[in-house]
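K.L.:
The following file, structure_33.cif, comprises mmCIF, C-alpha atoms:
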```cif
data_entry
loop_
_atom_site.label_atom_id
_atom_site.label_comp_id
_atom_site.auth_asym_id
_atom_site.auth_seq_id
_atom_site.Cartn_x
_atom_site.Cartn_y
_atom_site.Cartn_z
CA MET A 1 -68.13 8.21 35.91
CA ALA A 2 -64.90 10.15 36.35
CA PHE A 3 -65.11 9.59 40.14
CA LEU A 4 -65.43 5.80 39.67
CA GLN A 5 -62.45 5.73 37.30
CA MET A 6 -60.34 7.74 39.77
CA ARG A 7 -61.39 5.44 42.66
CA SER A 8 -60.47 2.34 40.63
CA LEU A 9 -57.08 3.87 39.81
CA CYS A 10 -56.41 4.64 43.50
CA LEU A 11 -57.28 1.07 44.51
CA LYS A 12 -54.91 -0.33 41.87
CA THR A 13 -52.16 2.06 43.01
CA ASN A 14 -52.59 1.06 46.67
CA ARG A 15 -52.53 -2.63 45.76
CA PHE A 16 -49.33 -2.14 43.72
CA THR A 17 -47.72 -0.23 46.64
CA ARG A 18 -48.52 -3.05 49.09
CA GLN A 19 -47.11 -5.65 46.72
CA HIS A 20 -43.95 -3.56 46.27
CA LEU A 21 -43.50 -3.23 50.04
CA ASN A 22 -43.97 -6.97 50.55
CA LEU A 23 -41.43 -7.72 47.83
CA SER A 24 -38.94 -5.27 49.36
CA GLN A 25 -39.32 -6.93 52.78
CA GLN A 26 -38.75 -10.35 51.26
CA ILE A 27 -35.61 -9.17 49.48
CA GLU A 28 -34.30 -7.54 52.64
CA SER A 29 -35.01 -10.69 54.64
CA PHE A 30 -33.34 -12.84 51.99
CA SER A 31 -30.25 -10.64 51.78
CA SER A 32 -29.67 -10.25 55.53
CA VAL A 33 -28.46 -12.71 58.13
CA LYS A 34 -31.23 -13.86 60.43
CA GLU A 35 -31.49 -16.65 62.92
CA GLY A 36 -32.75 -19.74 61.12
CA GLY A 37 -32.95 -17.86 57.84
CA ILE A 38 -31.01 -17.89 54.59
CA THR A 39 -27.65 -16.15 54.46
CA ARG A 40 -26.78 -14.31 51.25
CA ASN A 41 -24.04 -11.75 50.83
CA ARG A 42 -24.69 -8.76 48.60
CA ARG A 43 -22.51 -8.60 45.52
CA ARG A 44 -19.80 -6.01 45.51
CA LYS A 45 -19.60 -3.61 42.63
CA ARG A 46 -16.71 -4.71 40.45
CA LYS A 47 -14.11 -2.28 39.22
CA PHE A 48 -12.74 -2.72 35.72
CA ILE A 49 -9.01 -2.14 35.36
CA HIS A 50 -7.51 -2.19 31.87
CA ASN A 51 -4.27 -3.81 33.00
CA LYS A 52 -2.05 -4.16 36.03
CA TYR A 53 -0.13 -0.98 35.29
CA ASP A 54 -3.08 1.38 34.84
CA ASP A 55 -4.10 3.36 37.90
CA PRO A 56 -7.69 4.54 37.32
CA GLY A 57 -7.87 6.23 40.70
CA ASN A 58 -4.46 7.87 40.37
CA LYS A 59 -3.60 6.67 43.87
CA MET A 60 0.04 6.05 43.01
CA THR A 61 0.66 9.16 40.93
CA GLY A 62 -1.46 11.58 42.92
CA VAL A 63 -2.74 13.16 39.69
CA PRO A 64 -6.36 14.35 40.09
CA VAL A 65 -8.94 12.67 37.89
CA LYS A 66 -10.25 15.04 35.25
CA LYS A 67 -13.95 15.25 34.49
CA ASN A 68 -14.79 13.76 31.06
CA ALA A 69 -11.25 12.36 30.82
CA GLY A 70 -10.81 10.21 27.73
CA VAL A 71 -13.29 12.18 25.61
CA PHE A 72 -11.79 13.70 22.47
CA HIS A 73 -12.56 17.38 21.88
CA PRO A 74 -10.75 18.56 18.73
CA LYS A 75 -9.10 21.97 19.05
CA LYS A 76 -6.99 24.25 16.92
CA ASP A 77 -3.24 24.56 17.50
CA ASP A 78 -3.85 27.71 19.57
CA GLY A 79 -6.18 25.78 21.90
CA THR A 80 -9.44 27.34 20.69
CA ASP A 81 -12.47 25.35 19.53
CA PHE A 82 -13.38 24.84 15.90
CA ASP A 83 -16.42 26.77 14.67
CA SER A 84 -17.94 23.61 13.19
CA PHE A 85 -17.21 19.96 12.52
CA ASP A 86 -16.63 20.82 8.86
CA ASP A 87 -13.87 23.21 9.93
CA TYR A 88 -12.23 20.39 11.88
CA ILE A 89 -12.43 18.02 8.90
CA ALA A 90 -10.90 20.67 6.64
CA SER A 91 -7.99 21.16 9.05
CA VAL A 92 -7.03 17.47 9.11
CA PRO A 93 -4.29 16.74 6.54
CA LEU A 94 -5.03 12.99 6.32
CA SER A 95 -8.07 11.54 8.11
CA PRO A 96 -10.14 12.56 11.13
CA TRP A 97 -9.49 10.23 14.04
CA VAL A 98 -11.87 7.28 14.35
CA PRO A 99 -11.21 4.90 17.26
CA THR A 100 -10.34 1.34 16.23
CA PRO A 101 -12.52 -1.21 18.09
CA ASP A 102 -10.44 -3.36 20.46
CA PRO A 103 -11.21 -6.68 18.70
CA VAL A 104 -10.07 -5.15 15.40
CA ALA A 105 -6.91 -3.70 16.98
CA ARG A 106 -6.06 -7.07 18.51
CA ARG A 107 -6.53 -8.87 15.20
CA MET A 108 -4.40 -6.30 13.35
CA LEU A 109 -1.48 -7.10 15.63
CA GLN A 110 -2.18 -10.84 15.49
CA ILE A 111 -1.98 -11.13 11.71
CA ALA A 112 1.25 -9.10 11.80
CA ASP A 113 2.67 -11.72 14.24
CA ALA A 114 3.73 -8.96 16.62
CA ASP A 115 5.79 -10.27 19.54
CA VAL A 116 8.81 -9.55 21.74
CA ASP A 117 11.18 -9.33 18.78
CA TYR A 118 9.27 -6.59 16.95
CA VAL A 119 9.18 -2.79 17.10
CA HIS A 120 5.69 -1.44 16.50
CA PHE A 121 4.74 1.96 15.04
CA ASP A 122 1.18 3.25 14.71
CA LEU A 123 0.59 6.06 12.22
CA GLY A 124 -2.13 8.41 13.42
CA SER A 125 -2.08 6.78 16.85
CA GLY A 126 -5.00 8.80 18.27
CA ASP A 127 -5.47 7.97 21.95
CA GLY A 128 -2.72 5.33 21.76
CA ARG A 129 -4.92 2.26 22.10
CA LEU A 130 -2.98 0.16 19.58
CA ASN A 131 0.31 1.10 21.21
CA PHE A 132 -0.86 0.11 24.68
CA MET A 133 -2.28 -3.15 23.33
CA ALA A 134 0.93 -3.94 21.45
CA LEU A 135 2.92 -3.46 24.64
CA ASP A 136 0.55 -5.10 27.14
CA VAL A 137 -0.87 -8.00 25.16
CA PHE A 138 1.77 -8.76 22.52
CA LYS A 139 4.81 -7.72 24.59
CA VAL A 140 6.55 -5.98 21.69
CA LYS A 141 10.09 -4.76 22.16
CA LYS A 142 8.96 -1.16 21.65
CA SER A 143 5.88 0.75 20.51
CA VAL A 144 5.77 4.27 19.09
CA GLY A 145 2.68 6.34 18.31
CA LEU A 146 2.91 9.09 15.69
CA GLU A 147 0.15 11.69 15.94
CA LEU A 148 -0.32 15.30 14.81
CA ASP A 149 -3.36 16.32 16.87
CA ILE A 150 -2.33 17.91 20.18
CA GLU A 151 -5.50 16.91 22.04
CA LEU A 152 -5.13 13.26 21.06
CA LEU A 153 -1.49 13.31 22.14
CA LYS A 154 -2.58 14.67 25.52
CA MET A 155 -4.97 11.74 25.89
CA SER A 156 -2.16 9.28 25.15
CA GLU A 157 0.29 10.99 27.48
CA ASP A 158 -2.35 11.24 30.21
CA ARG A 159 -2.91 7.49 30.13
CA LEU A 160 0.83 6.89 30.04
CA SER A 161 1.36 9.13 33.08
CA LYS A 162 -0.95 6.89 35.14
CA ARG A 163 1.41 3.94 34.82
CA TRP A 164 3.94 3.12 37.46
CA PRO A 165 6.68 2.48 36.70
CA LYS A 166 6.48 4.41 33.45
CA PRO A 167 7.48 2.08 30.57
CA SER A 168 10.61 3.18 28.74
CA ASN A 169 9.66 1.33 25.56
CA LEU A 170 6.45 3.25 24.86
CA GLU A 171 6.43 6.78 23.47
CA PHE A 172 4.22 9.20 21.58
CA ILE A 173 5.63 11.74 19.13
CA ARG A 174 3.91 14.71 17.56
CA THR A 175 4.73 14.52 13.89
CA ASP A 176 3.40 15.44 10.47
CA ILE A 177 3.59 12.17 8.57
CA LEU A 178 3.45 14.00 5.22
CA ASP A 179 6.48 16.15 6.04
CA MET A 180 8.87 14.36 8.36
CA ASN A 181 11.64 16.91 7.70
CA LYS A 182 9.83 19.77 9.46
CA ASN A 183 9.24 17.84 12.69
CA SER A 184 10.97 19.15 15.79
CA GLU A 185 11.63 15.58 16.96
CA GLN A 186 13.36 13.28 14.53
CA VAL A 187 11.51 10.03 13.82
CA ASP A 188 13.57 6.95 12.97
CA LEU A 189 11.41 4.62 10.91
CA SER A 190 14.28 2.23 10.20
CA GLU A 191 13.68 0.30 13.43
CA CYS A 192 9.99 -0.30 12.65
CA THR A 193 9.11 -3.94 11.89
CA VAL A 194 5.31 -3.79 12.40
CA LEU A 195 3.33 -0.78 11.15
CA THR A 196 -0.40 -0.23 11.73
CA MET A 197 -2.74 2.51 10.52
CA PHE A 198 -6.39 3.46 9.99
CA PHE A 199 -6.76 6.00 7.16
CA VAL A 200 -9.20 6.59 4.32
CA GLU A 201 -8.13 5.72 0.77
CA ASP A 202 -7.07 9.26 -0.21
CA ALA A 203 -4.88 9.53 2.87
CA LEU A 204 -3.29 6.14 2.21
CA GLN A 205 -2.33 7.28 -1.27
CA LYS A 206 -0.68 10.39 0.19
CA ILE A 207 1.58 8.40 2.52
CA LYS A 208 2.17 5.55 0.07
CA PRO A 209 5.44 7.03 -1.39
CA LEU A 210 6.81 7.51 2.14
CA LEU A 211 6.11 3.88 3.03
CA GLU A 212 7.62 2.54 -0.20
CA GLU A 213 10.73 4.68 0.30
CA ASN A 214 11.29 3.50 3.88
CA PHE A 215 10.03 -0.08 3.92
CA ALA A 216 10.57 -1.63 0.47
CA GLY A 217 12.51 -4.87 0.91
CA THR A 218 12.82 -4.52 4.70
CA GLY A 219 10.27 -7.20 5.58
CA CYS A 220 8.26 -4.72 7.66
CA ARG A 221 4.68 -5.94 8.10
CA ILE A 222 2.19 -3.20 7.29
CA VAL A 223 -1.43 -3.55 8.38
CA THR A 224 -4.19 -1.20 7.21
CA ASN A 225 -7.66 -1.13 8.67
CA GLY A 226 -10.82 -0.11 6.86
CA TYR A 227 -9.32 0.53 3.43
CA PRO A 228 -6.78 -1.15 1.14
CA MET A 229 -3.64 0.45 -0.20
CA LYS A 230 -4.36 0.74 -3.92
CA GLY A 231 -1.53 -0.63 -6.03
CA TRP A 232 -0.36 -3.03 -3.34
CA LYS A 233 -1.20 -6.73 -3.19
CA PRO A 234 -2.18 -7.94 0.28
CA LYS A 235 -0.66 -11.09 1.75
CA TRP A 236 -3.75 -11.49 3.91
CA LYS A 237 -7.24 -10.04 4.05
CA GLU A 238 -10.10 -10.60 6.45
CA PHE A 239 -13.08 -8.88 8.06
CA VAL A 240 -13.52 -8.21 11.78
CA LEU A 241 -16.73 -6.53 12.96
CA GLY A 242 -17.39 -5.63 9.35
CA LEU A 243 -14.06 -3.81 8.95
CA PRO A 244 -11.59 -5.17 6.38
CA ILE A 245 -7.99 -5.68 7.50
CA PHE A 246 -5.11 -5.94 5.01
CA LEU A 247 -1.59 -7.23 5.60
CA TYR A 248 1.22 -6.09 3.30
CA GLU A 249 4.96 -6.55 2.87
CA ILE A 250 6.57 -4.24 0.32
CA PRO A 251 8.97 -6.17 -1.94
CA GLU A 252 12.36 -4.89 -3.02
CA GLY A 253 11.95 -2.27 -5.74
CA CYS A 254 8.18 -2.27 -5.11
CA ILE A 255 7.75 -4.98 -7.78
CA TRP A 256 4.59 -6.87 -6.91
CA ILE A 257 4.15 -10.50 -7.94
CA ASP A 258 0.68 -12.02 -8.06
CA ASP A 259 0.40 -14.96 -5.70
CA PRO A 260 -2.77 -16.99 -6.36
CA ASP A 261 -2.05 -19.02 -3.23
CA ALA A 262 -2.01 -15.98 -0.92
CA PRO A 263 -4.47 -16.74 1.90
CA GLN A 264 -7.63 -14.69 2.29
CA VAL A 265 -10.27 -14.87 4.95
CA ILE A 266 -13.43 -13.03 3.88
CA GLY A 267 -16.56 -12.99 5.99
#
```
Take the structure in this file and express it as structure tokens.
P.N.:
Amino acid sequence: MAFLQMRSLCLKTNRFTRQHLNLSQQIESFSSVKEGGITRNRRRKRKFIHNKYDDPGNKMTGVPVKKNAGVFHPKKDDGTDFDSFDDYIASVPLSPWVPTPDPVARRMLQIADADVDYVHFDLGSGDGRLNFMALDVFKVKKSVGLELDIELLKMSEDRLSKRWPKPSNLEFIRTDILDMNKNSEQVDLSECTVLTMFFVEDALQKIKPLLEENFAGTGCRIVTNGYPMKGWKPKWKEFVLGLPIFLYEIPEGCIWIDDPDAPQVIG
């Protein structure tokens, strides 16, 4: 009985092999140029380039491509690894970095009406994706990324270094948002007219006094992703990919007036 089962299996295997070979010959014949046959060119593998300034192969800069480039590995200030993910979370003063999906980032800048007349700042800029989008897609006058994590800053600077010519209106600054006075590089928030961020609620409450101090009555458009700023009344609210986006403008003296006609897009 076992012999008959094995023989049946071998016959099925041989039949499958012959069919596979016949199919391969047909494909080869179809894809090649033959006299009196059908001509079909093989498709070339397409290369995806983020934008005209990026140089994925580093041909212009001559910088070697690093293995696993673009992957975030959190490290301590001394360059050593964290013992656990919990240790990393405990070391973060505001929120651990979570990448903003591109459709959400685009919509954040759209509802802020970012354009050539605006200066964009991104708090907790991570790998700089909102800054690059603000510059490339919305053509802002200037974009600045503020980030504390050294490894994330390296990712931003690495992508920036692959651009030729290097844009003069895009920069990344290592800064502690909660204590601007102790930063080695002074940050001028007065030029900011569009501000984006992605923080949890507790973190938003920590930076809320800083934002009210610097942007009350200035007309700066502040966009938060994921969580609202408690105590503020949004001018616009909508969901993209399940993530809520809120648009704010801080009034003079931080006196909020309820506006029943304020537009909201939910869903």
K.L.:
Could you tell me how far CA of Arg107 (chain A) lies from CA of Ile245 (chain A), in Å and to one decimal?
P.N.:
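Computing the Euclidean distance for CA of Arg107 (chain A) and CA of Ile245 (chain A) yields 8.5 Å.
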K.L.:
Which residues, protein or nucleic acid, reach to within 7 Å of (5.9, -0.7, 24.8) in the file's coordinates when using only C-alpha atoms, and can you give that as a list in words?
P.N.:
Asn131, Phe132, Ala134, Leu135, Val140, Lys141, Lys142, Ser143, Pro167, Asn169 and Leu170 of chain A
K.L.:
Once you have the residues from the selection above, write them out as a PDB file, keeping the file's coordinate frame, restricted to C-alpha atoms.
P.N.:
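Output contents, as saved in selection-v3.pdb:
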```
ATOM      1  CA  ASN A 131       0.310   1.100  21.210  1.00  0.00           C
ATOM      2  CA  PHE A 132      -0.860   0.110  24.680  1.00  0.00           C
ATOM      3  CA  ALA A 134       0.930  -3.940  21.450  1.00  0.00           C
ATOM      4  CA  LEU A 135       2.920  -3.460  24.640  1.00  0.00           C
ATOM      5  CA  VAL A 140       6.550  -5.980  21.690  1.00  0.00           C
ATOM      6  CA  LYS A 141      10.090  -4.760  22.160  1.00  0.00           C
ATOM      7  CA  LYS A 142       8.960  -1.160  21.650  1.00  0.00           C
ATOM      8  CA  SER A 143       5.880   0.750  20.510  1.00  0.00           C
ATOM      9  CA  PRO A 167       7.480   2.080  30.570  1.00  0.00           C
ATOM     10  CA  ASN A 169       9.660   1.330  25.560  1.00  0.00           C
ATOM     11  CA  LEU A 170       6.450   3.250  24.860  1.00  0.00           C
TER      12      LEU A 170
END
```
K.L.:
I need the output of the PyMOL selection byres ((chain A and resi 205) around 12) for this file as a PyMOL selection string; which residues are they?
P.N.:
chain A and resi 94-95+178+199-204+206-212+227-232
K.L.:
Give me a file of those residues, with C-alpha atoms, as a PDB file, in the frame of the given file.
P.N.:
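What follows is the written file out.pdb:
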```
ATOM      1  CA  LEU A  94      -5.030  12.990   6.320  1.00  0.00           C
ATOM      2  CA  SER A  95      -8.070  11.540   8.110  1.00  0.00           C
ATOM      3  CA  LEU A 178       3.450  14.000   5.220  1.00  0.00           C
ATOM      4  CA  PHE A 199      -6.760   6.000   7.160  1.00  0.00           C
ATOM      5  CA  VAL A 200      -9.200   6.590   4.320  1.00  0.00           C
ATOM      6  CA  GLU A 201      -8.130   5.720   0.770  1.00  0.00           C
ATOM      7  CA  ASP A 202      -7.070   9.260  -0.210  1.00  0.00           C
ATOM      8  CA  ALA A 203      -4.880   9.530   2.870  1.00  0.00           C
ATOM      9  CA  LEU A 204      -3.290   6.140   2.210  1.00  0.00           C
ATOM     10  CA  LYS A 206      -0.680  10.390   0.190  1.00  0.00           C
ATOM     11  CA  ILE A 207       1.580   8.400   2.520  1.00  0.00           C
ATOM     12  CA  LYS A 208       2.170   5.550   0.070  1.00  0.00           C
ATOM     13  CA  PRO A 209       5.440   7.030  -1.390  1.00  0.00           C
ATOM     14  CA  LEU A 210       6.810   7.510   2.140  1.00  0.00           C
ATOM     15  CA  LEU A 211       6.110   3.880   3.030  1.00  0.00           C
ATOM     16  CA  GLU A 212       7.620   2.540  -0.200  1.00  0.00           C
ATOM     17  CA  TYR A 227      -9.320   0.530   3.430  1.00  0.00           C
ATOM     18  CA  PRO A 228      -6.780  -1.150   1.140  1.00  0.00           C
ATOM     19  CA  MET A 229      -3.640   0.450  -0.200  1.00  0.00           C
ATOM     20  CA  LYS A 230      -4.360   0.740  -3.920  1.00  0.00           C
ATOM     21  CA  GLY A 231      -1.530  -0.630  -6.030  1.00  0.00           C
ATOM     22  CA  TRP A 232      -0.360  -3.030  -3.340  1.00  0.00           C
TER      23      TRP A 232
END
```
K.L.:
Identify which of the residues A:Ser168, A:Ser125, A:Thr100, A:Asn225 lies closest to Gly145 (chain A), counting all atoms listed in the file when measuring atom-to-atom distances.
P.N.:
A:Ser125
K.L.:
One number please: CA of Thr224 (chain A) to CA of Leu146 (chain A), in Å, one decimal.
P.N.:
15.1 Å
K.L.:
Between A:Leu123, A:Leu130, A:Ile250, A:Ala216, which is the closest to Ile173 (chain A) once you count only C-alpha atoms?
P.N.:
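The closest residue to Ile173 (chain A) is A:Leu123.
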K.L.:
List the residues matched by the PyMOL selection byres ((chain A and resi 147-150) around 6) in the displayed structure as a ChimeraX atom specification, ordered by chain and then by residue number.
P.N.:
/A:124-125,146,151-153,174-176
